[in-house]
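Here is start_15.cif, consisting of mmCIF, C-alpha atoms:
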data_input
loop_
_atom_site.label_atom_id
_atom_site.label_comp_id
_atom_site.auth_asym_id
_atom_site.auth_seq_id
_atom_site.Cartn_x
_atom_site.Cartn_y
_atom_site.Cartn_z
CA MET A 1 44.38 32.39 112.01
CA SER A 2 45.27 33.43 108.53
CA HIS A 3 48.79 34.27 109.66
CA GLN A 4 49.16 31.43 112.18
CA GLY A 5 47.47 28.52 110.43
CA GLY A 6 47.73 29.46 106.78
CA GLN A 7 45.19 30.13 104.06
CA VAL A 8 43.90 26.54 103.79
CA LEU A 9 43.06 26.27 107.49
CA HIS A 10 41.62 29.78 107.58
CA PHE A 11 39.30 29.09 104.61
CA HIS A 12 37.89 25.88 106.04
CA LEU A 13 37.39 27.29 109.52
CA ARG A 14 35.51 30.20 107.97
CA LEU A 15 33.37 27.64 106.13
CA TYR A 16 32.60 25.91 109.43
CA GLN A 17 31.70 29.27 110.93
CA CYS A 18 29.13 29.77 108.16
CA LEU A 19 27.65 26.36 108.94
CA GLY A 20 27.47 27.23 112.65
CA PHE A 21 29.98 24.50 113.59
CA HIS A 22 32.86 26.75 114.74
CA GLY A 23 31.75 29.20 117.40
CA LEU A 24 35.07 31.03 117.79
CA PRO A 25 36.26 34.19 116.01
CA LEU A 26 39.36 33.85 113.87
CA PRO A 27 42.42 36.00 114.65
CA GLY A 28 42.04 39.13 112.60
CA ASP A 29 38.29 39.35 113.25
CA GLY A 30 37.58 42.59 115.05
CA ASP A 31 35.57 42.62 118.30
CA PRO A 32 36.03 38.94 119.39
CA SER A 33 33.25 39.08 121.98
CA GLY A 34 30.84 40.43 119.37
CA TRP A 35 31.82 37.64 116.97
CA ARG A 36 31.17 35.07 119.69
CA ARG A 37 27.68 36.44 120.34
CA ARG A 38 26.85 36.55 116.63
CA LEU A 39 28.15 33.02 116.02
CA ARG A 40 26.22 31.73 119.03
CA ALA A 41 23.02 33.37 117.78
CA TRP A 42 23.64 32.03 114.25
CA GLY A 43 24.08 28.50 115.58
CA LEU A 44 20.87 28.67 117.60
CA LEU A 45 18.98 30.07 114.60
CA LEU A 46 20.18 27.19 112.40
CA LEU A 47 19.23 24.73 115.14
CA LEU A 48 15.68 26.08 115.34
CA ALA A 49 15.30 26.18 111.55
CA LEU A 50 16.55 22.61 111.01
CA SER A 51 14.56 21.24 113.96
CA GLY A 52 11.43 22.92 112.60
CA LEU A 53 12.09 21.40 109.18
CA ILE A 54 12.41 17.91 110.67
CA LEU A 55 9.20 18.29 112.68
CA VAL A 56 7.33 19.37 109.55
CA CYS A 57 8.71 16.33 107.67
CA LEU A 58 7.65 13.94 110.44
CA PHE A 59 4.12 15.26 111.04
CA SER A 60 3.10 16.80 107.72
CA ASP A 61 0.41 15.28 105.54
CA GLU A 62 2.74 15.57 102.54
CA GLU A 63 4.71 12.57 101.31
CA PHE A 64 7.95 13.30 103.16
CA LEU A 65 7.77 9.74 104.54
CA TYR A 66 7.34 6.69 102.32
CA GLN A 67 3.61 5.94 102.05
CA GLY A 68 3.77 2.60 100.26
CA ASP A 69 3.80 0.60 103.48
CA MET A 70 4.59 0.93 107.17
CA PHE A 71 8.10 -0.57 106.85
CA GLY A 72 9.32 2.14 104.47
CA CYS A 73 7.56 4.85 106.50
CA VAL A 74 9.32 3.77 109.71
CA ASN A 75 12.67 3.64 107.92
CA ASP A 76 12.33 7.23 106.69
CA ALA A 77 11.13 8.38 110.10
CA LEU A 78 14.18 6.79 111.75
CA LYS A 79 16.47 8.75 109.44
CA TYR A 80 14.80 12.03 110.36
CA VAL A 81 14.77 11.24 114.10
CA PHE A 82 18.46 10.38 114.30
CA ALA A 83 19.32 13.34 112.07
CA GLU A 84 17.48 15.55 114.58
CA MET A 85 19.54 14.02 117.41
CA ALA A 86 22.72 14.81 115.48
CA VAL A 87 21.61 18.39 114.73
CA LEU A 88 20.72 19.01 118.39
CA ALA A 89 24.07 17.67 119.62
CA ILE A 90 26.08 19.56 116.98
CA TYR A 91 24.65 23.02 117.59
CA LEU A 92 24.19 22.77 121.35
CA GLU A 93 27.75 21.50 121.69
CA THR A 94 29.03 24.32 119.47
CA VAL A 95 27.34 26.86 121.73
CA THR A 96 28.28 25.29 125.08
CA SER A 97 31.80 23.91 124.43
CA GLN A 98 33.58 27.03 123.24
CA ARG A 99 36.10 26.94 126.10
CA ASP A 100 37.35 23.45 125.16
CA LEU A 101 37.53 24.39 121.50
CA ALA A 102 39.40 27.62 122.27
CA ASN A 103 41.86 25.67 124.43
CA PHE A 104 42.45 23.20 121.61
CA TRP A 105 43.37 25.95 119.15
CA TYR A 106 45.47 27.82 121.70
CA LEU A 107 47.52 24.68 122.40
CA HIS A 108 47.77 23.87 118.70
CA PHE A 109 49.27 27.23 117.78
CA ARG A 110 51.54 27.24 120.83
CA LEU A 111 52.94 23.80 119.97
CA SER A 112 53.13 24.60 116.25
CA SER A 113 55.79 27.21 116.93
CA ARG A 114 58.38 24.39 117.01
CA MET A 115 57.16 23.02 113.66
CA MET A 116 57.97 24.28 110.18
CA GLU A 117 55.59 27.04 109.17
CA ALA A 118 53.56 26.59 106.01
CA GLY A 119 55.26 29.18 103.81
CA SER A 120 53.35 28.63 100.57
CA LEU A 121 49.95 27.45 99.45
CA ARG A 122 51.49 24.34 97.92
CA ARG A 123 53.15 23.44 101.21
CA GLU A 124 49.88 24.00 103.06
CA LEU A 125 48.01 21.75 100.64
CA ARG A 126 50.63 19.06 101.21
CA GLN A 127 50.43 19.52 104.98
CA TYR A 128 46.61 19.18 105.07
CA ARG A 129 46.30 16.75 102.17
CA ARG A 130 44.60 14.03 104.24
CA PHE A 131 41.86 16.37 105.37
CA ILE A 132 41.42 17.94 101.91
CA ILE A 133 41.24 14.56 100.15
CA THR A 134 38.70 13.29 102.68
CA LEU A 135 36.53 16.41 102.52
CA TYR A 136 36.32 16.93 98.78
CA GLY A 137 36.52 13.23 97.93
CA LEU A 138 33.49 12.33 100.03
CA VAL A 139 31.48 15.38 98.94
CA MET A 140 32.18 14.68 95.26
CA CYS A 141 31.32 11.02 95.77
CA GLU A 142 27.94 11.98 97.28
CA LEU A 143 27.18 14.42 94.45
CA LEU A 144 28.24 11.92 91.79
CA PHE A 145 25.95 9.23 93.14
CA HIS A 146 23.05 11.68 93.24
CA VAL A 147 23.59 12.76 89.64
CA VAL A 148 23.86 9.17 88.39
CA MET A 149 20.89 7.93 90.40
CA TRP A 150 18.51 10.70 89.34
CA ARG A 151 19.37 10.04 85.71
CA VAL A 152 18.32 6.40 86.16
CA GLN A 153 15.64 6.54 88.87
CA PRO A 154 12.32 8.25 88.04
CA LEU A 155 11.83 11.17 90.40
CA SER A 156 8.55 10.67 92.24
CA HIS A 157 6.83 13.26 94.41
CA HIS A 158 7.89 11.41 97.57
CA MET A 159 11.53 11.21 96.50
CA LEU A 160 11.60 14.91 95.65
CA LEU A 161 10.19 15.88 99.05
CA PHE A 162 12.28 13.39 101.03
CA TRP A 163 15.68 14.02 99.43
CA SER A 164 15.27 17.79 99.18
CA THR A 165 14.79 17.91 102.97
CA TYR A 166 16.93 14.99 104.15
CA GLU A 167 20.00 15.56 101.97
CA PRO A 168 20.94 18.90 103.66
CA LEU A 169 20.93 17.04 106.97
CA VAL A 170 23.17 14.37 105.43
CA PHE A 171 25.65 16.99 104.27
CA LEU A 172 25.70 18.65 107.68
CA THR A 173 26.49 15.37 109.44
CA TYR A 174 29.15 14.57 106.82
CA LEU A 175 30.79 17.98 107.23
CA ARG A 176 30.70 17.66 111.03
CA ASN A 177 32.35 14.25 110.70
CA ILE A 178 35.06 15.78 108.52
CA GLN A 179 35.49 18.56 111.09
CA PHE A 180 36.35 15.81 113.59
CA ILE A 181 38.87 14.49 111.07
CA LEU A 182 40.45 17.95 110.73
CA HIS A 183 41.05 18.22 114.47
CA MET A 184 42.39 14.66 114.68
CA GLU A 185 44.72 15.39 111.75
CA LEU A 186 46.14 18.40 113.62
CA LEU A 187 46.60 16.17 116.67
CA ARG A 188 48.32 13.52 114.53
CA GLN A 189 50.73 16.09 113.10
CA GLN A 190 51.79 17.14 116.58
CA LEU A 191 52.35 13.51 117.62
CA ALA A 192 54.29 12.79 114.43
CA GLN A 193 56.55 15.79 115.03
CA LEU A 194 57.24 14.67 118.60
CA GLU A 195 58.02 11.13 117.43
CA GLN A 196 60.49 12.49 114.87
CA GLU A 197 62.20 14.69 117.48
CA LEU A 198 62.58 11.72 119.86
CA ARG A 199 63.96 9.58 117.04
CA LEU A 200 66.67 12.18 116.34
CA LEU A 201 67.44 12.41 120.06
CA ALA A 202 67.75 8.60 120.28
CA GLU A 203 70.10 8.51 117.29
CA TYR A 204 72.26 11.23 118.83
CA SER A 205 72.43 9.43 122.19
CA ARG A 206 73.47 6.18 120.51
CA PHE A 207 76.16 7.96 118.54
CA ALA A 208 77.49 9.83 121.59
CA CYS A 209 77.67 6.68 123.74
CA SER A 210 79.21 4.50 121.02
CA GLY A 211 82.91 3.76 120.81
CA THR A 212 83.43 6.10 117.87
CA GLY A 213 81.07 8.85 119.05
CA ARG A 214 81.85 11.86 121.18
CA SER A 215 80.00 13.39 124.07
CA PHE A 216 80.76 16.66 125.86
CA PRO A 217 80.78 17.90 129.44
CA GLY A 218 77.21 18.20 130.65
CA PHE A 219 75.96 15.71 128.03
CA GLU A 220 73.65 14.01 130.53
CA THR A 221 72.20 17.36 131.60
CA PHE A 222 71.64 18.30 127.97
CA LEU A 223 69.74 15.06 127.25
CA ARG A 224 67.68 15.40 130.41
CA ARG A 225 66.68 18.96 129.53
CA ARG A 226 65.72 17.97 126.03
CA LEU A 227 63.75 15.02 127.35
CA LEU A 228 61.98 17.24 129.89
CA GLN A 229 61.09 19.59 127.04
CA LYS A 230 59.59 16.66 125.09
CA GLN A 231 57.59 15.66 128.16
CA ARG A 232 56.10 19.14 128.32
CA VAL A 233 55.31 18.97 124.61
CA TYR A 234 53.56 15.63 125.07
CA ASN A 235 51.60 17.05 128.02
CA GLY A 236 50.42 19.88 125.72
CA ILE A 237 49.41 17.35 123.05
CA TRP A 238 47.52 15.34 125.65
CA GLU A 239 45.72 18.51 126.74
CA MET A 240 44.82 19.07 123.06
CA TYR A 241 43.37 15.57 122.97
CA ARG A 242 41.35 16.23 126.15
CA SER A 243 40.07 19.50 124.71
CA PHE A 244 39.08 17.72 121.48
CA GLN A 245 37.12 15.13 123.45
CA GLY A 246 35.46 17.82 125.54
CA ALA A 247 34.51 19.93 122.50
CA PHE A 248 33.04 17.10 120.40
CA ASN A 249 32.05 14.29 122.79
CA TYR A 250 28.29 14.19 122.27
CA SER A 251 28.29 15.11 118.60
CA ILE A 252 30.77 12.30 117.83
CA LEU A 253 28.25 9.88 119.32
CA THR A 254 25.19 11.27 117.54
CA VAL A 255 26.87 11.87 114.16
CA LEU A 256 28.32 8.36 114.00
CA LEU A 257 25.01 6.96 115.24
CA SER A 258 23.09 8.91 112.57
CA ILE A 259 25.39 7.61 109.81
CA ASN A 260 25.18 4.08 111.20
CA ILE A 261 21.37 4.19 111.37
CA ARG A 262 21.21 5.41 107.78
CA ILE A 263 23.41 2.52 106.64
CA ALA A 264 21.40 0.01 108.65
CA VAL A 265 17.89 1.05 107.60
CA ASP A 266 18.92 1.44 103.95
CA CYS A 267 20.38 -2.07 104.02
CA TYR A 268 17.08 -3.36 105.36
CA PHE A 269 15.06 -1.36 102.86
CA MET A 270 17.31 -2.51 100.01
CA TYR A 271 16.51 -6.14 100.74
CA TYR A 272 12.86 -5.25 101.31
CA THR A 273 12.48 -3.50 97.93
CA ILE A 274 14.22 -6.39 96.17
CA TYR A 275 11.98 -8.90 97.98
CA ASN A 276 8.79 -7.03 97.02
CA ASN A 277 9.95 -5.92 93.52
CA VAL A 278 9.66 -2.22 94.37
CA ALA A 279 11.07 0.06 91.64
CA ASN A 280 13.33 2.07 93.95
CA ILE A 281 17.13 2.17 93.87
CA ASP A 282 17.88 5.16 96.10
CA TYR A 283 19.49 2.78 98.61
CA TYR A 284 22.64 3.04 96.46
CA LEU A 285 23.16 6.42 98.13
CA ILE A 286 24.36 4.59 101.26
CA ILE A 287 27.71 4.00 99.50
CA PRO A 288 29.09 7.47 100.41
CA ALA A 289 27.76 6.93 103.96
CA VAL A 290 29.65 3.64 104.17
CA LEU A 291 32.88 5.58 103.51
CA GLU A 292 32.26 8.16 106.25
CA ILE A 293 32.83 5.96 109.30
CA PRO A 294 36.03 4.32 107.93
CA ALA A 295 37.37 7.82 107.17
CA PHE A 296 36.79 8.81 110.80
CA VAL A 297 38.27 5.57 112.14
CA TYR A 298 41.34 5.92 109.90
CA ALA A 299 42.03 9.41 111.28
CA SER A 300 41.42 8.21 114.85
CA GLN A 301 43.62 5.14 114.46
CA SER A 302 46.40 7.22 112.89
CA CYS A 303 46.51 9.40 116.02
CA MET A 304 46.52 6.54 118.49
CA LEU A 305 49.24 4.59 116.67
CA TYR A 306 51.78 7.34 117.29
CA VAL A 307 51.81 6.88 121.07
CA PRO A 308 53.44 3.39 120.90
CA ARG A 309 55.89 4.80 118.36
CA ILE A 310 56.79 7.61 120.74
CA ALA A 311 57.34 5.06 123.53
CA TYR A 312 59.53 2.99 121.20
CA GLN A 313 61.72 5.98 120.29
CA LEU A 314 61.89 6.99 123.96
CA HIS A 315 63.33 3.63 124.97
CA ASN A 316 65.80 3.78 122.08
CA ILE A 317 67.60 6.60 123.92
CA VAL A 318 70.82 5.12 125.35
CA PRO A 319 71.21 6.18 129.00
CA SER A 320 74.46 4.32 129.56
CA SER A 321 77.03 2.50 127.48
CA GLY A 322 80.61 1.81 128.49
CA SER A 323 82.15 4.99 129.85
CA CYS A 324 78.95 6.94 129.26
CA SER A 325 76.80 6.33 132.37
CA CYS A 326 73.67 8.42 132.95
CA PRO A 327 71.56 7.04 135.83
CA ASP A 328 69.58 10.27 136.17
CA LEU A 329 68.73 10.08 132.48
CA SER A 330 67.36 6.56 133.06
CA LEU A 331 65.04 7.95 135.73
CA GLN A 332 63.91 10.67 133.32
CA ILE A 333 63.12 8.06 130.66
CA GLN A 334 61.14 6.04 133.20
CA ASN A 335 59.26 9.16 134.23
CA PHE A 336 58.35 9.94 130.61
CA SER A 337 57.33 6.32 130.08
CA LEU A 338 54.97 6.53 133.07
CA GLN A 339 53.53 9.75 131.65
CA LEU A 340 52.75 7.95 128.38
CA LEU A 341 51.10 5.18 130.38
CA HIS A 342 48.94 7.52 132.48
CA GLN A 343 48.14 10.03 129.71
CA PRO A 344 47.16 7.85 126.73
CA VAL A 345 45.71 9.31 123.55
CA SER A 346 42.70 7.05 123.20
CA ILE A 347 39.95 8.62 121.10
CA ASN A 348 36.62 7.33 122.38
CA CYS A 349 32.92 8.02 122.25
CA LEU A 350 31.85 9.22 125.71
CA GLY A 351 33.99 6.44 127.16
CA LEU A 352 31.62 3.84 125.68
CA THR A 353 33.96 2.49 123.01
CA VAL A 354 37.40 3.24 121.60
CA LEU A 355 37.08 4.41 117.99
CA ASP A 356 39.67 2.18 116.38
CA CYS A 357 39.48 -0.43 113.62
CA SER A 358 37.59 -2.88 115.85
CA PHE A 359 34.74 -0.35 115.86
CA LEU A 360 34.15 -1.14 112.17
CA THR A 361 33.76 -4.85 112.88
CA ARG A 362 31.22 -4.12 115.61
CA ILE A 363 29.18 -1.98 113.21
CA ALA A 364 29.30 -4.69 110.52
CA CYS A 365 28.22 -7.34 113.05
CA SER A 366 25.30 -5.23 114.31
CA VAL A 367 24.03 -4.48 110.79
CA GLY A 368 24.42 -8.13 109.78
CA THR A 369 22.60 -9.38 112.88
CA TYR A 370 19.56 -7.15 112.36
CA MET A 371 19.55 -7.94 108.65
CA ILE A 372 18.98 -11.57 109.61
CA TYR A 373 16.04 -10.55 111.81
CA THR A 374 14.61 -8.44 108.99
CA ILE A 375 14.91 -11.27 106.48
CA GLN A 376 13.14 -13.66 108.87
CA PHE A 377 10.18 -11.29 109.31
CA MET A 378 10.11 -10.08 105.71
CA PRO A 379 6.98 -12.06 104.65
CA LYS A 380 5.01 -10.38 107.48
CA LEU A 381 6.19 -6.93 106.31
CA SER A 382 5.04 -7.30 102.73
CA THR A 383 2.51 -4.95 101.16
CA THR A 384 -0.18 -7.64 100.96
CA TYR A 385 0.16 -8.36 104.67
CA PHE A 386 -0.55 -4.72 105.56
#
Written form, structure tokens:
Amino acid sequence: MSHQGGQVLHFHLRLYQCLGFHGLPLPGDGDPSGWRRRLRAWGLLLLLALSGLILVCLFSDEEFLYQGDMFGCVNDALKYVFAEMAVLAIYLETVTSQRDLANFWYLHFRLSSRMMEAGSLRRELRQYRRFIITLYGLVMCELLFHVVMWRVQPLSHHMLLFWSTYEPLVFLTYLRNIQFILHMELLRQQLAQLEQELRLLAEYSRFACSGTGRSFPGFETFLRRRLLQKQRVYNGIWEMYRSFQGAFNYSILTVLLSINIRIAVDCYFMYYTIYNNVANIDYYLIIPAVLEIPAFVYASQSCMLYVPRIAYQLHNIVPSSGSCSCPDLSLQIQNFSLQLLHQPVSINCLGLTVLDCSFLTRIACSVGTYMIYTIQFMPKLSTTYF
């Protein structure tokens, strides 16, 4: 990995190994089968430790859950429950989906042989800048909000217990979400490279079939071979996409659901604390969570937008013009077009919903709808009522 993917990729994959999120050895690690066993055992150990922590928080007599009233207690319990669902999905998927993940990285490095190698650290940073900005930007945003809030908000015993146990779970879900973004960024780079290659091929075909351009004997055969090569490349990219979906299907659902639940219940609790004049402002910590889902959707949408661009460049290839007639090339273009139609890159969540920009509107509508219900029942949830 260090020689194939560069230092930046190697460092972050090693980080994900330490977190138990990447269950594969990196090239250069001796005894691959031993590494797999150790990483699998490490992931299961982290799963048991984190699940035990969540069970203690839910059933302990200590103030891990808000004790002021039942509404706040249920909100905190919901956060722990959905965090447990995310932790279970993350580590079980890491242990059981190693074949899909290995296939993804095999295809990535095989297809990357046609791309420019990252020769320097600066070039690598530029190549992975989207992932790096997302990772460190969101982590620094979360830390900044914690520092500012704890300088303003008095630290009660409940807040100390809750945030010292819940915040590690938050960071794990955030880092898993950014791991999704890393894999989608690698997929986007492959699609962008293919789109650029087809654009150059279309420009060359237009020039060769124009009145001033020149072709050569076997020109049609040359274009067909190049187009067949691009079809094979796209098939490899589509297999990467399928491997990505197979490796992260369930954890995508639970991680996004965990983040969404945190946003929703903190929105409810924010209005509830304002309504009852409770001196608690830790709901401001949902701001970094609000940025997590758009970051995922932006990476997902960026991948899916390249498929129409590839189809556009494909149909810009000139199969015939004047004396340059290439009926077999037209059939090849139609064949590639059908392949794009039958092998779409459509990042989804277990087939339930496509994770594009419309996903954000559905989340906003769901949170807004249940906020209305909460506001209507707010007088019944007050402290005096209980």
So, with all atoms listed in the file as the atoms that count, which of A:Thr165, A:Ser97, A:Asn177, A:Ser33 lies closest to Phe131 in chain A?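 Distance minimum relative to Phe131 in chain A lands on A:Asn177.
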Could you state which residues are captured by the PyMOL selection byres ((chain A and resi 88-90) around 8) in this file, as a PyMOL selection string? chain A and resi 21+47+51+84-87+91-94+176+250-251+254
Close residues, Leu44 in chain A itself excluded, 9 Å, only C-alpha atoms, min 3 positions apart in chain, as a PyMOL selection string: chain A and resi 20+39-41+47-49+91-92+95
Which residues, written as a PyMOL selection string, have at least one atom at most 8 Å from Phe244 in chain A, with only C-alpha atoms counted and residues fewer than 3 positions away on the same chain left out? chain A and resi 100-101+104+183+240-241+247-249
Could you write out as a VMD selection string the residues that the PyMOL selection byres ((chain A and resi 311-316) around 12) matches in the shown file? chain A and resid 191 to 192 194 to 207 223 226 to 228 230 to 231 234 305 to 310 317 to 320 329 to 341 344
My list of candidates is A:Ile259, A:Leu53, A:Val147, A:Leu46. Which is closest to Leu78 in chain A when distances are computed with all atoms listed in the file?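 That would be A:Ile259, the residue with the smallest distance to Leu78 in chain A.
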Just to confirm, what's the straight-line distance from CA of Leu256 in chain A to CA of Phe71 in chain A in Å (one decimal)? 23.2 Å
State, in Å with one decimal place, the distance from CA of Leu15 in chain A to CA of Leu50 in chain A.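 These two atoms are separated by 18.2 Å.
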Would you list the contacts of Ala364 in chain A as a PDB file with C-alpha atoms, keeping the file's coordinate frame, taking every protein, DNA or RNA residue within 12 Å and counting all atoms listed in the file, but skipping same-chain residues closer than 2 positions in sequence?
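Produced file around_19.pdb, reproduced below:
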ATOM      1  CA  ASN A 260      25.180   4.080 111.200  1.00  0.00           C
ATOM      2  CA  ILE A 261      21.370   4.190 111.370  1.00  0.00           C
ATOM      3  CA  ILE A 263      23.410   2.520 106.640  1.00  0.00           C
ATOM      4  CA  ALA A 264      21.400   0.010 108.650  1.00  0.00           C
ATOM      5  CA  CYS A 267      20.380  -2.070 104.020  1.00  0.00           C
ATOM      6  CA  VAL A 290      29.650   3.640 104.170  1.00  0.00           C
ATOM      7  CA  ILE A 293      32.830   5.960 109.300  1.00  0.00           C
ATOM      8  CA  PRO A 294      36.030   4.320 107.930  1.00  0.00           C
ATOM      9  CA  CYS A 357      39.480  -0.430 113.620  1.00  0.00           C
ATOM     10  CA  SER A 358      37.590  -2.880 115.850  1.00  0.00           C
ATOM     11  CA  PHE A 359      34.740  -0.350 115.860  1.00  0.00           C
ATOM     12  CA  LEU A 360      34.150  -1.140 112.170  1.00  0.00           C
ATOM     13  CA  THR A 361      33.760  -4.850 112.880  1.00  0.00           C
ATOM     14  CA  ARG A 362      31.220  -4.120 115.610  1.00  0.00           C
ATOM     15  CA  SER A 366      25.300  -5.230 114.310  1.00  0.00           C
ATOM     16  CA  VAL A 367      24.030  -4.480 110.790  1.00  0.00           C
ATOM     17  CA  GLY A 368      24.420  -8.130 109.780  1.00  0.00           C
ATOM     18  CA  THR A 369      22.600  -9.380 112.880  1.00  0.00           C
ATOM     19  CA  TYR A 370      19.560  -7.150 112.360  1.00  0.00           C
ATOM     20  CA  MET A 371      19.550  -7.940 108.650  1.00  0.00           C
TER      21      MET A 371
END
Between A:Ile181, A:Ala83, A:Leu107, A:Ile347, smallest distance to Ile133 in chain A by all atoms listed in the file belongs to A:Ile181
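Neighbours of Tyr80 in chain A closer than or equal to 8 Å, with only C-alpha atoms counted and sequence neighbours fewer than 3 positions away skipped, come out as Ile54, Cys57, Leu58, Asp76, Ala77, Ala83, Glu84 and Tyr166 of chain A.
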Can you check which parts of range 101-178 of chain A lie within 9 Å of range 281-285 of chain A? Per residue, the shortest pair of atoms and distance in Å to one decimal, counting all atoms listed in the file, sorted by chain and number, as CSV.
residue,atom,partner,partner_atom,distance
A:Glu142,CA,A:Leu285,CA,7.4
A:Phe145,CA,A:Leu285,CA,6.4
A:His146,CA,A:Leu285,CA,7.2
A:Met149,CA,A:Asp282,CA,7.0
A:Trp150,CA,A:Asp282,CA,8.8
A:Val152,CA,A:Ile281,CA,8.9
A:Gln153,CA,A:Ile281,CA,6.8
A:Met159,CA,A:Asp282,CA,8.8
Let me make sure I understand: among A:Val81, A:Val74, A:Leu182, A:Leu13, which one has the smallest atom-to-atom distance to Leu55 in chain A if we use all atoms listed in the file? A:Val81
Name every residue that the PyMOL selection byres ((chain A and resi 36) around 12) selects in this structure, writing the answer as JSON, numbers by chain with chains first and numbers rising. {"A": [17, 20, 22, 23, 24, 25, 26, 29, 30, 31, 32, 33, 34, 35, 37, 38, 39, 40, 41, 42, 43, 94, 95, 96, 98, 99, 102]}
Selected residue of minimal separation from Asp266 in chain A among A:Gln229, A:Asn75, A:Ser60, A:Thr134, counting only C-alpha atoms: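 Checking each candidate against Asp266 in chain A, we get A:Asn75 as the closest.
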Can you measure CA of Leu172 in chain A to CA of Gln245 in chain A for me? One decimal in Å is fine. 19.8 Å
Choose the residue, out of A:Pro288, A:Tyr298, A:Gln67, A:Cys365, that has the smallest atom-to-atom separation from Met140 in chain A; count only C-alpha atoms.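 Selected residue with least distance to Met140 in chain A: A:Pro288.
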Output range 298-303 of chain A as a PDB file, keeping the file's coordinate frame, making sure all heavy atoms are there.
ATOM      1  N   TYR A 298      39.963   5.834 110.393  1.00  0.00           N
ATOM      2  CA  TYR A 298      41.340   5.920 109.900  1.00  0.00           C
ATOM      3  C   TYR A 298      42.069   7.092 110.548  1.00  0.00           C
ATOM      4  O   TYR A 298      43.223   6.957 110.981  1.00  0.00           O
ATOM      5  CB  TYR A 298      41.338   6.076 108.378  1.00  0.00           C
ATOM      6  CG  TYR A 298      42.707   6.297 107.784  1.00  0.00           C
ATOM      7  CD1 TYR A 298      43.616   5.247 107.685  1.00  0.00           C
ATOM      8  CD2 TYR A 298      43.092   7.555 107.341  1.00  0.00           C
ATOM      9  CE1 TYR A 298      44.879   5.446 107.149  1.00  0.00           C
ATOM     10  CE2 TYR A 298      44.356   7.764 106.808  1.00  0.00           C
ATOM     11  CZ  TYR A 298      45.237   6.716 106.708  1.00  0.00           C
ATOM     12  OH  TYR A 298      46.498   6.921 106.191  1.00  0.00           O
ATOM     13  N   ALA A 299      41.404   8.251 110.646  1.00  0.00           N
ATOM     14  CA  ALA A 299      42.030   9.410 111.280  1.00  0.00           C
ATOM     15  C   ALA A 299      42.257   9.150 112.770  1.00  0.00           C
ATOM     16  O   ALA A 299      43.306   9.518 113.322  1.00  0.00           O
ATOM     17  CB  ALA A 299      41.150  10.643 111.083  1.00  0.00           C
ATOM     18  N   SER A 300      41.288   8.520 113.427  1.00  0.00           N
ATOM     19  CA  SER A 300      41.420   8.210 114.850  1.00  0.00           C
ATOM     20  C   SER A 300      42.552   7.220 115.102  1.00  0.00           C
ATOM     21  O   SER A 300      43.393   7.413 115.984  1.00  0.00           O
ATOM     22  CB  SER A 300      40.095   7.659 115.372  1.00  0.00           C
ATOM     23  OG  SER A 300      40.215   7.190 116.689  1.00  0.00           O
ATOM     24  N   GLN A 301      42.589   6.153 114.303  1.00  0.00           N
ATOM     25  CA  GLN A 301      43.620   5.140 114.460  1.00  0.00           C
ATOM     26  C   GLN A 301      45.000   5.712 114.193  1.00  0.00           C
ATOM     27  O   GLN A 301      45.979   5.356 114.871  1.00  0.00           O
ATOM     28  CB  GLN A 301      43.341   3.964 113.511  1.00  0.00           C
ATOM     29  CG  GLN A 301      44.271   2.782 113.656  1.00  0.00           C
ATOM     30  CD  GLN A 301      43.852   1.847 114.765  1.00  0.00           C
ATOM     31  OE1 GLN A 301      42.796   2.027 115.373  1.00  0.00           O
ATOM     32  NE2 GLN A 301      44.678   0.861 115.047  1.00  0.00           N
ATOM     33  N   SER A 302      45.111   6.614 113.213  1.00  0.00           N
ATOM     34  CA  SER A 302      46.400   7.220 112.890  1.00  0.00           C
ATOM     35  C   SER A 302      46.950   8.008 114.068  1.00  0.00           C
ATOM     36  O   SER A 302      48.166   8.027 114.298  1.00  0.00           O
ATOM     37  CB  SER A 302      46.264   8.140 111.669  1.00  0.00           C
ATOM     38  OG  SER A 302      45.858   7.409 110.532  1.00  0.00           O
ATOM     39  N   CYS A 303      46.069   8.678 114.815  1.00  0.00           N
ATOM     40  CA  CYS A 303      46.510   9.400 116.020  1.00  0.00           C
ATOM     41  C   CYS A 303      47.004   8.434 117.079  1.00  0.00           C
ATOM     42  O   CYS A 303      48.094   8.607 117.637  1.00  0.00           O
ATOM     43  CB  CYS A 303      45.359  10.218 116.594  1.00  0.00           C
ATOM     44  SG  CYS A 303      45.029  11.746 115.729  1.00  0.00           S
TER      45      CYS A 303
END
